[in-house]
There are 4 protein chains.
Amino acid sequence: MALETARLLIFCADARGIIAAVTGFIAEYDGNILEADQHTDPQHGEFFMRVEVELDGFRLNRNTFAAAWGPVAQRYGMRWRVYWGNEVKRMAILVSKESHCLSDLLWRWRTGELRVEIPFVLGNHAELREPVDAAGIRFYHLPVTPGSKAEQEAKVRALLKAARVDFIVLARYMQILAPSFVAEYPERIINIHHSFLPAFVGPKPYQQAYDRGVKIIGATSHYVTDQLDQGPIVAQSTLPVGHRDTVEDLVRKGRDLERVVLATAVRLHVEDKILVSQNKTIVFD
Amino acid sequence: MALETARLLIFCADARGIIAAVTGFIAEYDGNILEADQHTDPQHGEFFMRVEVELDGFRLNRNTFAAAWGPVAQRYGMRWRVYWGNEVKRMAILVSKESHCLSDLLWRWRTGELRVEIPFVLGNHAELREPVDAAGIRFYHLPVTPGSKAEQEAKVRALLKAARVDFIVLARYMQILAPSFVAEYPERIINIHHSFLPAFVGPKPYQQAYDRGVKIIGATSHYVTDQLDQGPIVAQSTLPVGHRDTVEDLVRKGRDLERVVLATAVRLHVEDKILVSQNKTIVFD
Amino acid sequence: MALETARLLIFCADARGIIAAVTGFIAEYDGNILEADQHTDPQHGEFFMRVEVELDGFRLNRNTFAAAWGPVAQRYGMRWRVYWGNEVKRMAILVSKESHCLSDLLWRWRTGELRVEIPFVLGNHAELREPVDAAGIRFYHLPVTPGSKAEQEAKVRALLKAARVDFIVLARYMQILAPSFVAEYPERIINIHHSFLPAFVGPKPYQQAYDRGVKIIGATSHYVTDQLDQGPIVAQSTLPVGHRDTVEDLVRKGRDLERVVLATAVRLHVEDKILVSQNKTIVFD
Amino acid sequence: MALETARLLIFCADARGIIAAVTGFIAEYDGNILEADQHTDPQHGEFFMRVEVELDGFRLNRNTFAAAWGPVAQRYGMRWRVYWGNEVKRMAILVSKESHCLSDLLWRWRTGELRVEIPFVLGNHAELREPVDAAGIRFYHLPVTPGSKAEQEAKVRALLKAARVDFIVLARYMQILAPSFVAEYPERIINIHHSFLPAFVGPKPYQQAYDRGVKIIGATSHYVTDQLDQGPIVAQSTLPVGHRDTVEDLVRKGRDLERVVLATAVRLHVEDKILVSQNKTIVFD
């Protein structure tokens with residue numbers, strides 16, 4: 001995607017004429033629409049829209065947009081956000097001991113496939129320091145002990161704040177975040193769960209899958225909410241398995257699923273393609 | 001999809017303001033847009049759009065639409081088609097001896113999943129008369145012999161014309177149609193090819209796949225053009241296979257692929273979700 | 001599979017030399033082994049084997065096999081079953097109102113893909129009588145009312161017994177069978193559940209999937225046990241879905257999954273390719 | 001797979017009693033068979049077998065096996081190979097500029113998932129030196145110019161020989177090897193082709209796929225023969241694409257396919273699970 005763009009995300013009650021109002025507004029300011037996606041949830045009467053406008057030629061910018069756009073937004077009672085193409089999001093990665101998701105994200109970042117800044121990677125274990133160092137990224141090691149969980153989390157949050165982080169990726173970070181932490185980053189914490197949710201909620205999903213004798217395993221990437229493993233699902237993928245697969249085989253096959261599913265969710269988030277409503281995602285891909 | 005709708009398909013050179021012009025026009029006549037999809041092909045500078053409008057409340061109908069819409073279409077040099085929801089397309093099915101695709105289409109038709117009229121099924125063999133009779137549909141048997149191909153085809157075309165057929169499904173009809181026949185139904189003849197095109201063009205694709213030792217087989221549904229197996233692809237699907245699979249196993253597994261892929265293509269065609277350009281399809285699903 | 005074969009299924013505690021003992025026995029009686037699959041569950045120390053022997057040239061038959069084989073089986077404490085190729089299994093189908101699985105099974109049976117005898121189809125509703133009649137198969141209508149469930153089930157069991165049924169397919173039969181019924185047909189009742197088990201146990205799984213906002217739906221075929229939706233899984237398949245899919249779309253897409261998954265499980269059962277242990281299946285396909 | 005094992009691969013004309021002879025031989029020397037897979041190609045009358053025997057307790061080793069086994073092999077005219085578990089294969093990787101397959105293999109090697117020694121990585125470009133250095137592996141840069149191809153290849157072959165390499169992985173090495181090179185490593189050079197072969201043979205397969213408008217892309221891993229892209233296929237995988245995907249999107253999505261497909265083929269090769277006949281693979285997985 002070579003062109004610099006503005007991405008406008010809209011969410012309001014459904015009504016006639018919204019698309020015309022939005023696209024008419026863009027046209028009025030000479031914007032070239034590269035993509036326009038919309039969705040109506042007939043059950044809840046909600047309207048969702050994503051418009052991507054080429055910056056070149058568009059007679060609005062981050063300073064002038066809100067004033068011009070305000071009346072349209074007001075008329076329809078819209079909640080909206082706009083992202084400007086030359087802004088690069090700041091992504092922190094939290095890890096424990098497993099390297100596959102972290103290595104994958106770092107590789108995509110190094111090759112330019114994933115366009116973010118990574119101010120730091122933070123582990124509650126020190127095992128993954130090396131690949132982070134090798135990538136020239138700061139690594140923080142903040143261990144968690146039974147008594148120090150609240151304290152550790154306070155430090156994590158301070159680091160995130162100091163680094164002005166836009167969103168957080170839990171790349172197999174095996175800690176549950178406090179509700180107040182989650183509340184600070186609504187729809188901005190992305191987790192990878194190593195099962196096809198809602199099957200096998202909680203710990204050791206591959207062992208659970210093995211014990212149940214499923215013929216397919218999966219991985220699920222979702223936004224974190226204060227309900228464990230219940231947040232809105234962004235991406236999922238599955239893979240066939242059989243009776244010859246041991247738990248270790250499921251874990252190995254699962255790693256290949258997990259890293260691709262997590263990378264997909266991160267890419268969608270970075271490209272501002274996700275809207276959330278009713279604990280579900282609308283993904284405009 | 002319970003609501004009666006009009007579907008407007010548009011195809012023109014890309015320009016600023018098209019979406020606003022189209023959606024503004026709909027809004028002007030109080031139309032409620034249920035879906036609006038658009039696509040720009042940056043390589044060829046082409047613009048494609050599909051708009052689905054609720055009939056209820058829309059102040060245009062099949063008699064008044066063209067006059068109102070004409071100026072907009074003209075301004076942008078659009079090629080366009082509009083389909084009105086209460087029109088049911090007339091679909092003829094051509095078959096040879098294999099029943100799986102035919103049976104599947106008839107089942108979807110009987111249960112109301114596939115909303116078409118089927119004026120007749122025509123076979124160059126008589127084997128499939130029975131399920132067609134049982135469905136209460138007219139069956140024509142028009143055999144092809146080396147000397148009678150042109151003559152048979154003329155009869156087929158006469159029957160299609162007499163029945164005012166909108167589109168034709170080749171449900172494993174093992175005959176190649178003459179270019180003049182194909183030209184009469186541009187983007188209106190749907191074929192199922194029993195391979196993942198462009199691999200294994202031509203006859204006996206499963207034998208070819210077996211001989212090549214592929215680990216995956218596929219099926220492809222495409223519009224028929226006068227280039228054998230080269231028409232625009234509408235839908236494809238694949239399935240893993242292994243060294244234990246004989247040619248007969250590939251044929252059996254392939255049948256499950258073929259009928260679903262063909263049914264998908266037919267559904268997309270019936271719902272007016274396919275545009276064609278540069279021998280490729282844009283599928284707004 | 002043109003050749004007539006005997007299929008020997010074996011289940012015992014793991015020990016050295018079992019495979020040699022079994023294949024040596026077959027060789028001693030001039031049997032040609034077409035397929036030999038075995039599996040060892042290291043966790044439970046269990047050994048599973050399936051051997052398929054060409055009948056032609058094999059110097060044992062259904063009358064003489066047990067006496068010859070007995071000592072081998074005894075030495076290793078085997079549980080075993082043998083199926084002779086010229087026996088055709090008798091399959092009853094139980095249905096309610098949904099036709100897709102029934103129609104699919106009947107089509108596979110008519111074309112010879114599924115090699116069974118179908119003594120009858122039984123519905124607790126009368127809706128599906130017509131396709132069964134058309135196939136020349138007996139249809140029983142035994143409605144269930146709140147007060148008559150036990151009585152109806154007794155009649156169903158009497159019919160199954162009278163027809164000497166080998167196994168039962170619940171092709172979207174929306175009734176829960178009594179434990180005593182299930183106990184009479186261990187590993188011989190095949191159900192199709194319209195979700196990726198263990199996700200969405202119980203009724204209305206597509207509504208549950210829609211409400212949860214999953215990006216993939218599935219279907220699961222399993223043997224029925226007296227734990228609802230908890231029996232050993234035989235086959236599963238999944239399909240991607242998105243935010244545009246309504247519950248109705250999930251149901252429609254699910255039908256295509258369900259019938260293929262159920263047909264796969266039925267084929268595996270008919271070919272004697274399934275062993276069960278620890279509530280899990282070993283599928284030798 | 002924690003246990004040390006011997007893997008015996010057998011290939012001969014089909015005959016009665018082979019499995020009994022092989023497994024009887026193993027039992028005679030107190031070997032515990034962990035896996036036994038066999039396959040008969042009825043078309044060519046060929047028999048293939050793979051037996052994995054626990055080393056613990058087995059009364060044969062690499063010095064004594066051949067003498068004991070010889071008579072059995074001779075009786076059935078077997079071609080055979082045996083691999084001893086404590087031998088680690090030596091794998092060279094050849095690359096050009098693309099890093100995704102290389103990075104993936106190095107990651108699997110570092111984490112112990114891929115159990116090989118990597119004496120060196122060799123590039124005809126220097127771009128990928130850094131990750132190889134970081135992994136502590138020797139990197140050779142041997143550029144190819146129009147005039148120097150034969151000379152460069154001679155050097156490559158000398159390095160492979162000096163390093164006693166067991167097999168070679170072409171991880172997006174964009175050079176065609178000379179027939180004499182290929183002949184030196186029969187069934188020991190693994191290539192990844194970025195399409196679903198046999199579709200899109202030759203260069204720029206994603207551009208070809210884009211131009212053809214396919215709805216699915218694929219990747220194929222195969223052994224290299226002197227017919228370009230025609231060697232026996234080991235593994236394949238596919239992914240859905242749509243009209244919105246640019247060539248760049250296909251390339252990006254394809255990378256995720258390629259690295260997993262290549263890693264699968266390498267794992268199968270390392271675990272001695274592949275036999276080749278008639279330019280096709282038998283994969284005992």
# chains A, B, ... in the order shown; residues from 1 in each chain; ligands from 1
call {"tool": "interface_residues", "arguments": {"of": "chain A", "to": "chain C", "cutoff": "7 Å", "atoms": "only C-alpha atoms", "output": "PyMOL selection string"}}
result
chain A and resi 198-199+212-216+233+235-236+243+280+282
call {"tool": "write_last_selection", "arguments": {"atoms": "N, CA, C and O atoms", "output": "short mmCIF file (atom, residue, chain, number, x, y, z; two decimals), in the first residue's frame"}}
result
data_model
loop_
_atom_site.label_atom_id
_atom_site.label_comp_id
_atom_site.auth_asym_id
_atom_site.auth_seq_id
_atom_site.Cartn_x
_atom_site.Cartn_y
_atom_site.Cartn_z
N PRO A 198 -14.83 -20.47 21.37
CA PRO A 198 -14.85 -20.63 22.81
C PRO A 198 -14.52 -22.03 23.30
O PRO A 198 -14.72 -22.30 24.50
N ALA A 199 -14.01 -22.91 22.46
CA ALA A 199 -13.60 -24.21 22.96
C ALA A 199 -12.30 -24.05 23.74
O ALA A 199 -11.43 -23.29 23.34
N ARG A 212 -9.87 -34.36 24.71
CA ARG A 212 -11.20 -34.45 24.10
C ARG A 212 -11.17 -35.22 22.79
O ARG A 212 -12.20 -35.64 22.27
N GLY A 213 -9.96 -35.36 22.21
CA GLY A 213 -9.87 -36.12 20.96
C GLY A 213 -10.41 -35.38 19.75
O GLY A 213 -10.97 -35.97 18.84
N VAL A 214 -10.24 -34.06 19.71
CA VAL A 214 -10.73 -33.30 18.55
C VAL A 214 -9.92 -33.66 17.30
O VAL A 214 -8.78 -34.10 17.40
N LYS A 215 -10.51 -33.44 16.15
CA LYS A 215 -9.86 -33.72 14.87
C LYS A 215 -9.33 -32.44 14.21
O LYS A 215 -8.80 -32.47 13.10
N ILE A 216 -9.53 -31.32 14.88
CA ILE A 216 -9.10 -30.02 14.37
C ILE A 216 -8.67 -29.19 15.58
O ILE A 216 -9.33 -29.22 16.61
N ILE A 233 -13.53 -11.40 19.16
CA ILE A 233 -12.61 -12.19 18.34
C ILE A 233 -12.26 -11.42 17.07
O ILE A 233 -13.14 -10.94 16.36
N ALA A 235 -9.49 -12.68 14.77
CA ALA A 235 -9.08 -13.64 13.73
C ALA A 235 -8.98 -15.02 14.33
O ALA A 235 -8.61 -15.18 15.49
N GLN A 236 -9.29 -16.02 13.52
CA GLN A 236 -9.16 -17.42 13.93
C GLN A 236 -8.67 -18.26 12.77
O GLN A 236 -8.87 -17.91 11.61
N HIS A 243 -5.19 -38.97 15.45
CA HIS A 243 -4.92 -39.73 16.67
C HIS A 243 -3.42 -39.94 16.88
O HIS A 243 -2.99 -40.23 17.98
N LYS A 280 -18.39 -7.95 19.57
CA LYS A 280 -18.04 -8.61 18.31
C LYS A 280 -17.27 -7.63 17.43
O LYS A 280 -17.43 -6.41 17.56
N ILE A 282 -16.29 -6.04 13.69
CA ILE A 282 -16.54 -5.87 12.27
C ILE A 282 -15.16 -5.64 11.65
O ILE A 282 -14.47 -4.68 12.00
#
call {"tool": "select_by_dssp", "arguments": {"residues": "segment 218-261 of chain C", "states": "alpha helix (DSSP H)", "output": "list in words"}}
result
Val247, Glu248, Asp249, Leu250, Val251, Arg252, Lys253, Gly254, Arg255, Asp256, Leu257, Glu258, Arg259, Val260 and Val261 of chain C
call {"tool": "residues_around", "arguments": {"residues": "segment 261-270 of chain B", "least_positions_apart": "6", "cutoff": "8 Å", "atoms": "only C-alpha atoms", "output": "list in words"}}
result
Lys89, Cys101, Asp104, Leu105, Leu114, Arg115, Val116, Val169, Ala171, Ile190, Asn191, Ile192, Ala219, Thr220, Ser221, His222, Val234, Ala235, Gln236, Ser237, Val283 and Asp285 of chain B
call {"tool": "write_last_selection", "arguments": {"atoms": "all heavy atoms", "output": "short mmCIF file (atom, residue, chain, number, x, y, z; two decimals), in the first residue's frame"}}
result
data_model
loop_
_atom_site.label_atom_id
_atom_site.label_comp_id
_atom_site.auth_asym_id
_atom_site.auth_seq_id
_atom_site.Cartn_x
_atom_site.Cartn_y
_atom_site.Cartn_z
N LYS B 89 -34.67 -15.29 -11.72
CA LYS B 89 -33.93 -15.67 -12.94
C LYS B 89 -34.31 -17.07 -13.40
O LYS B 89 -34.60 -17.94 -12.61
CB LYS B 89 -32.42 -15.60 -12.67
CG LYS B 89 -31.90 -14.20 -12.48
CD LYS B 89 -30.37 -14.19 -12.56
CE LYS B 89 -29.84 -12.78 -12.38
NZ LYS B 89 -30.17 -12.20 -11.05
N CYS B 101 -23.63 -32.89 -9.24
CA CYS B 101 -23.91 -31.45 -9.31
C CYS B 101 -25.38 -31.19 -9.57
O CYS B 101 -25.99 -30.31 -8.95
CB CYS B 101 -23.04 -30.80 -10.39
SG CYS B 101 -21.30 -30.67 -9.91
N ASP B 104 -27.45 -31.85 -6.43
CA ASP B 104 -27.21 -30.81 -5.45
C ASP B 104 -27.98 -29.53 -5.80
O ASP B 104 -28.61 -28.92 -4.94
CB ASP B 104 -25.70 -30.51 -5.41
CG ASP B 104 -25.36 -29.51 -4.35
OD1 ASP B 104 -25.35 -29.89 -3.17
OD2 ASP B 104 -25.13 -28.33 -4.70
N LEU B 105 -27.96 -29.14 -7.07
CA LEU B 105 -28.68 -27.93 -7.47
C LEU B 105 -30.19 -28.13 -7.28
O LEU B 105 -30.89 -27.22 -6.81
CB LEU B 105 -28.36 -27.58 -8.93
CG LEU B 105 -26.94 -27.07 -9.19
CD1 LEU B 105 -26.68 -26.98 -10.69
CD2 LEU B 105 -26.72 -25.70 -8.53
N LEU B 114 -31.92 -21.91 -3.25
CA LEU B 114 -31.56 -21.34 -4.55
C LEU B 114 -32.84 -20.83 -5.21
O LEU B 114 -33.71 -21.61 -5.60
CB LEU B 114 -30.91 -22.44 -5.41
CG LEU B 114 -30.39 -22.04 -6.77
CD1 LEU B 114 -29.33 -20.94 -6.65
CD2 LEU B 114 -29.79 -23.26 -7.47
N ARG B 115 -32.93 -19.50 -5.33
CA ARG B 115 -34.18 -18.88 -5.77
C ARG B 115 -34.13 -18.62 -7.27
O ARG B 115 -33.74 -17.54 -7.72
CB ARG B 115 -34.32 -17.56 -4.99
CG ARG B 115 -35.74 -17.08 -4.85
CD ARG B 115 -35.74 -15.83 -3.99
NE ARG B 115 -36.85 -14.97 -4.32
CZ ARG B 115 -36.78 -13.65 -4.36
NH1 ARG B 115 -35.64 -13.02 -4.09
NH2 ARG B 115 -37.84 -12.94 -4.67
N VAL B 116 -34.48 -19.64 -8.03
CA VAL B 116 -34.52 -19.54 -9.49
C VAL B 116 -35.73 -20.31 -10.01
O VAL B 116 -36.35 -21.07 -9.28
CB VAL B 116 -33.25 -20.17 -10.15
CG1 VAL B 116 -32.00 -19.38 -9.84
CG2 VAL B 116 -33.11 -21.64 -9.72
N VAL B 169 -26.30 -23.38 -16.61
CA VAL B 169 -25.31 -24.04 -15.77
C VAL B 169 -24.88 -25.36 -16.43
O VAL B 169 -25.74 -26.21 -16.73
CB VAL B 169 -25.88 -24.33 -14.36
CG1 VAL B 169 -24.87 -25.09 -13.52
CG2 VAL B 169 -26.25 -23.02 -13.68
N ALA B 171 -23.58 -28.48 -15.59
CA ALA B 171 -23.37 -29.28 -14.39
C ALA B 171 -22.72 -30.61 -14.79
O ALA B 171 -23.34 -31.65 -14.73
CB ALA B 171 -24.70 -29.49 -13.66
N ILE B 190 -22.22 -20.84 -16.74
CA ILE B 190 -21.35 -21.19 -15.61
C ILE B 190 -20.95 -22.66 -15.73
O ILE B 190 -21.80 -23.53 -15.84
CB ILE B 190 -22.09 -20.98 -14.26
CG1 ILE B 190 -22.54 -19.51 -14.13
CG2 ILE B 190 -21.19 -21.37 -13.10
CD1 ILE B 190 -23.43 -19.26 -12.92
N ASN B 191 -19.65 -22.91 -15.70
CA ASN B 191 -19.14 -24.28 -15.81
C ASN B 191 -18.44 -24.67 -14.51
O ASN B 191 -17.94 -23.82 -13.78
CB ASN B 191 -18.13 -24.37 -16.97
CG ASN B 191 -17.68 -25.79 -17.23
OD1 ASN B 191 -18.49 -26.73 -17.19
ND2 ASN B 191 -16.39 -25.96 -17.47
N ILE B 192 -18.41 -25.98 -14.25
CA ILE B 192 -17.59 -26.49 -13.15
C ILE B 192 -16.49 -27.34 -13.78
O ILE B 192 -16.76 -28.28 -14.53
CB ILE B 192 -18.43 -27.32 -12.14
CG1 ILE B 192 -17.55 -27.86 -11.02
CG2 ILE B 192 -19.21 -28.44 -12.79
CD1 ILE B 192 -17.09 -26.83 -10.03
N ALA B 219 -11.37 -27.70 -7.30
CA ALA B 219 -12.43 -27.56 -8.29
C ALA B 219 -12.60 -26.08 -8.57
O ALA B 219 -12.35 -25.25 -7.69
CB ALA B 219 -13.74 -28.16 -7.79
N THR B 220 -13.00 -25.76 -9.79
CA THR B 220 -13.07 -24.37 -10.24
C THR B 220 -14.37 -24.12 -10.97
O THR B 220 -14.70 -24.85 -11.91
CB THR B 220 -11.91 -24.07 -11.22
OG1 THR B 220 -10.67 -24.37 -10.58
CG2 THR B 220 -11.93 -22.61 -11.65
N SER B 221 -15.08 -23.09 -10.57
CA SER B 221 -16.26 -22.70 -11.32
C SER B 221 -15.94 -21.41 -12.05
O SER B 221 -15.37 -20.48 -11.47
CB SER B 221 -17.43 -22.51 -10.37
OG SER B 221 -18.62 -22.42 -11.11
N HIS B 222 -16.28 -21.36 -13.33
CA HIS B 222 -15.92 -20.19 -14.13
C HIS B 222 -16.97 -19.93 -15.20
O HIS B 222 -17.74 -20.83 -15.57
CB HIS B 222 -14.55 -20.41 -14.78
CG HIS B 222 -14.52 -21.55 -15.75
ND1 HIS B 222 -14.71 -21.38 -17.11
CD2 HIS B 222 -14.35 -22.88 -15.57
CE1 HIS B 222 -14.65 -22.56 -17.71
NE2 HIS B 222 -14.43 -23.50 -16.79
N VAL B 234 -14.86 -17.80 -10.98
CA VAL B 234 -15.81 -17.27 -10.00
C VAL B 234 -15.52 -17.81 -8.61
O VAL B 234 -15.52 -17.08 -7.63
CB VAL B 234 -17.26 -17.60 -10.41
CG1 VAL B 234 -18.24 -17.07 -9.36
CG2 VAL B 234 -17.57 -17.00 -11.78
N ALA B 235 -15.28 -19.11 -8.50
CA ALA B 235 -15.07 -19.72 -7.18
C ALA B 235 -14.17 -20.94 -7.32
O ALA B 235 -14.18 -21.62 -8.33
CB ALA B 235 -16.41 -20.13 -6.56
N GLN B 236 -13.37 -21.17 -6.29
CA GLN B 236 -12.49 -22.33 -6.25
C GLN B 236 -12.44 -22.88 -4.83
O GLN B 236 -12.64 -22.16 -3.86
CB GLN B 236 -11.06 -21.94 -6.66
CG GLN B 236 -10.95 -21.45 -8.09
CD GLN B 236 -9.52 -21.28 -8.54
OE1 GLN B 236 -8.81 -20.43 -8.02
NE2 GLN B 236 -9.09 -22.06 -9.51
N SER B 237 -12.15 -24.15 -4.75
CA SER B 237 -11.94 -24.75 -3.43
C SER B 237 -10.97 -25.92 -3.57
O SER B 237 -10.83 -26.48 -4.65
CB SER B 237 -13.28 -25.22 -2.85
OG SER B 237 -13.13 -25.61 -1.50
N VAL B 283 -15.93 -10.22 -7.19
CA VAL B 283 -17.04 -10.89 -6.51
C VAL B 283 -17.34 -10.12 -5.23
O VAL B 283 -16.55 -10.10 -4.30
CB VAL B 283 -16.67 -12.35 -6.19
CG1 VAL B 283 -17.80 -13.00 -5.40
CG2 VAL B 283 -16.41 -13.12 -7.47
N ASP B 285 -19.07 -10.32 -2.30
CA ASP B 285 -19.82 -11.22 -1.42
C ASP B 285 -19.62 -10.83 0.04
O ASP B 285 -18.54 -10.53 0.47
CB ASP B 285 -19.37 -12.66 -1.63
CG ASP B 285 -20.37 -13.62 -1.00
OD1 ASP B 285 -21.54 -13.22 -0.82
OD2 ASP B 285 -20.00 -14.75 -0.70
#
call {"tool": "residues_around", "arguments": {"residues": "segment 3-19 of chain C", "least_positions_apart": "2", "cutoff": "8 Å", "atoms": "only C-alpha atoms", "output": "NGL selection string"}}
result
(:C and (1 or 21-23 or 40 or 45-56 or 76-86 or 272 or 275)) or (:D and (20 or 23-24 or 27 or 30-33))
call {"tool": "write_last_selection", "arguments": {"atoms": "N, CA and C atoms", "output": "compact mmCIF listing (two decimals), in the first residue's frame"}}
result
# COMPACT_ATOMS: atom_id res chain seq x y z
N MET C 1 -12.90 -49.42 -4.23
CA MET C 1 -12.28 -50.60 -3.64
C MET C 1 -12.96 -51.86 -4.15
N ALA C 21 3.21 -61.12 15.21
CA ALA C 21 2.30 -62.25 15.46
C ALA C 21 1.08 -62.18 14.55
N VAL C 22 0.52 -60.96 14.42
CA VAL C 22 -0.69 -60.80 13.60
C VAL C 22 -0.37 -61.03 12.13
N THR C 23 0.65 -60.36 11.62
CA THR C 23 0.94 -60.48 10.18
C THR C 23 1.51 -61.86 9.87
N THR C 40 -0.05 -46.96 18.74
CA THR C 40 0.19 -47.21 20.15
C THR C 40 -0.06 -45.92 20.91
N GLY C 45 -0.63 -47.01 27.25
CA GLY C 45 -0.05 -48.32 26.95
C GLY C 45 -0.97 -49.23 26.16
N GLU C 46 -1.79 -48.61 25.29
CA GLU C 46 -2.74 -49.40 24.52
C GLU C 46 -2.27 -49.55 23.08
N PHE C 47 -2.60 -50.69 22.50
CA PHE C 47 -2.22 -50.97 21.14
C PHE C 47 -3.47 -51.20 20.29
N PHE C 48 -3.49 -50.58 19.10
CA PHE C 48 -4.64 -50.69 18.19
C PHE C 48 -4.14 -51.11 16.82
N MET C 49 -4.86 -51.99 16.16
CA MET C 49 -4.43 -52.40 14.83
C MET C 49 -5.63 -52.69 13.95
N ARG C 50 -5.46 -52.41 12.68
CA ARG C 50 -6.46 -52.74 11.66
C ARG C 50 -5.72 -53.38 10.50
N VAL C 51 -6.15 -54.57 10.12
CA VAL C 51 -5.53 -55.26 9.00
C VAL C 51 -6.61 -55.59 7.99
N GLU C 52 -6.33 -55.27 6.74
CA GLU C 52 -7.29 -55.60 5.69
C GLU C 52 -6.66 -56.66 4.79
N VAL C 53 -7.34 -57.80 4.69
CA VAL C 53 -6.78 -58.95 3.97
C VAL C 53 -7.66 -59.28 2.77
N GLU C 54 -7.03 -59.50 1.63
CA GLU C 54 -7.77 -59.91 0.43
C GLU C 54 -8.41 -61.28 0.69
N LEU C 55 -9.68 -61.43 0.39
CA LEU C 55 -10.32 -62.73 0.61
C LEU C 55 -9.79 -63.78 -0.35
N ASP C 56 -9.49 -63.34 -1.57
CA ASP C 56 -9.01 -64.27 -2.59
C ASP C 56 -7.68 -64.89 -2.15
N TYR C 76 -2.19 -62.43 23.62
CA TYR C 76 -2.00 -60.99 23.87
C TYR C 76 -3.19 -60.34 24.58
N GLY C 77 -4.15 -61.14 24.97
CA GLY C 77 -5.32 -60.58 25.65
C GLY C 77 -6.08 -59.58 24.79
N MET C 78 -6.24 -59.93 23.50
CA MET C 78 -6.86 -58.99 22.56
C MET C 78 -8.37 -58.96 22.65
N ARG C 79 -8.95 -57.75 22.51
CA ARG C 79 -10.34 -57.64 22.08
C ARG C 79 -10.28 -57.47 20.57
N TRP C 80 -11.11 -58.14 19.84
CA TRP C 80 -11.00 -58.06 18.38
C TRP C 80 -12.37 -58.25 17.72
N ARG C 81 -12.46 -57.77 16.51
CA ARG C 81 -13.65 -57.98 15.67
C ARG C 81 -13.15 -58.24 14.25
N VAL C 82 -13.88 -59.03 13.52
CA VAL C 82 -13.52 -59.21 12.12
C VAL C 82 -14.78 -58.99 11.26
N TYR C 83 -14.61 -58.29 10.15
CA TYR C 83 -15.72 -58.01 9.23
C TYR C 83 -15.39 -58.64 7.88
N TRP C 84 -16.35 -59.32 7.32
CA TRP C 84 -16.14 -59.99 6.04
C TRP C 84 -16.73 -59.15 4.92
N GLY C 85 -15.97 -59.02 3.88
CA GLY C 85 -16.27 -58.03 2.83
C GLY C 85 -17.60 -58.18 2.17
N ASN C 86 -18.10 -59.38 2.08
CA ASN C 86 -19.36 -59.54 1.36
C ASN C 86 -20.57 -59.30 2.25
N ASP C 272 -15.20 -49.94 8.53
CA ASP C 272 -14.58 -50.51 9.75
C ASP C 272 -13.22 -49.88 10.01
N LEU C 275 -11.69 -47.23 15.67
CA LEU C 275 -11.60 -47.89 16.98
C LEU C 275 -11.80 -46.82 18.04
N ALA D 20 4.94 -59.59 7.38
CA ALA D 20 5.25 -60.60 8.39
C ALA D 20 6.75 -60.84 8.46
N THR D 23 8.37 -57.59 10.14
CA THR D 23 8.07 -57.42 11.57
C THR D 23 8.53 -58.64 12.37
N GLY D 24 8.50 -59.82 11.73
CA GLY D 24 9.03 -61.01 12.39
C GLY D 24 10.53 -60.86 12.65
N ALA D 27 11.02 -58.57 15.58
CA ALA D 27 10.65 -59.24 16.84
C ALA D 27 11.74 -60.23 17.25
N ASP D 30 14.21 -58.69 19.25
CA ASP D 30 13.65 -57.99 20.42
C ASP D 30 13.40 -56.50 20.20
N GLY D 31 13.13 -56.12 18.97
CA GLY D 31 12.86 -54.71 18.68
C GLY D 31 11.41 -54.37 18.99
N ASN D 32 11.17 -53.22 19.59
CA ASN D 32 9.81 -52.76 19.82
C ASN D 32 9.44 -51.80 18.70
N ILE D 33 8.44 -52.17 17.91
CA ILE D 33 8.02 -51.35 16.77
C ILE D 33 7.13 -50.22 17.28
call {"tool": "residues_around", "arguments": {"residues": "segment 172-180 of chain B", "least_positions_apart": "3", "cutoff": "9 Å", "atoms": "only C-alpha atoms", "output": "list in words"}}
result
Ile93, Leu94, Val95, Ser96, Lys97, Glu98, Ser99, His100, Cys101, Leu102, Gly123, Asn124, Val144, Ala150, Glu153, Val169, Ala183, Glu184, Asn191, Ile192, His193, His194, Val224, Thr225, Asp226, Gln227 and Leu228 of chain B
call {"tool": "atom_distance", "arguments": {"atom1": "atom CA of Glu271 of chain C", "atom2": "atom CA of Arg188 of chain C"}}
result
13.0 Å
call {"tool": "select_by_dssp", "arguments": {"residues": "segment 12-191 of chain C", "states": "strand (DSSP E or B)", "output": "number ranges by chain"}}
result
C: 12-13, 32-41, 46-54, 79-84, 90-95, 117, 120-123, 138-141, 167-170, 189-191
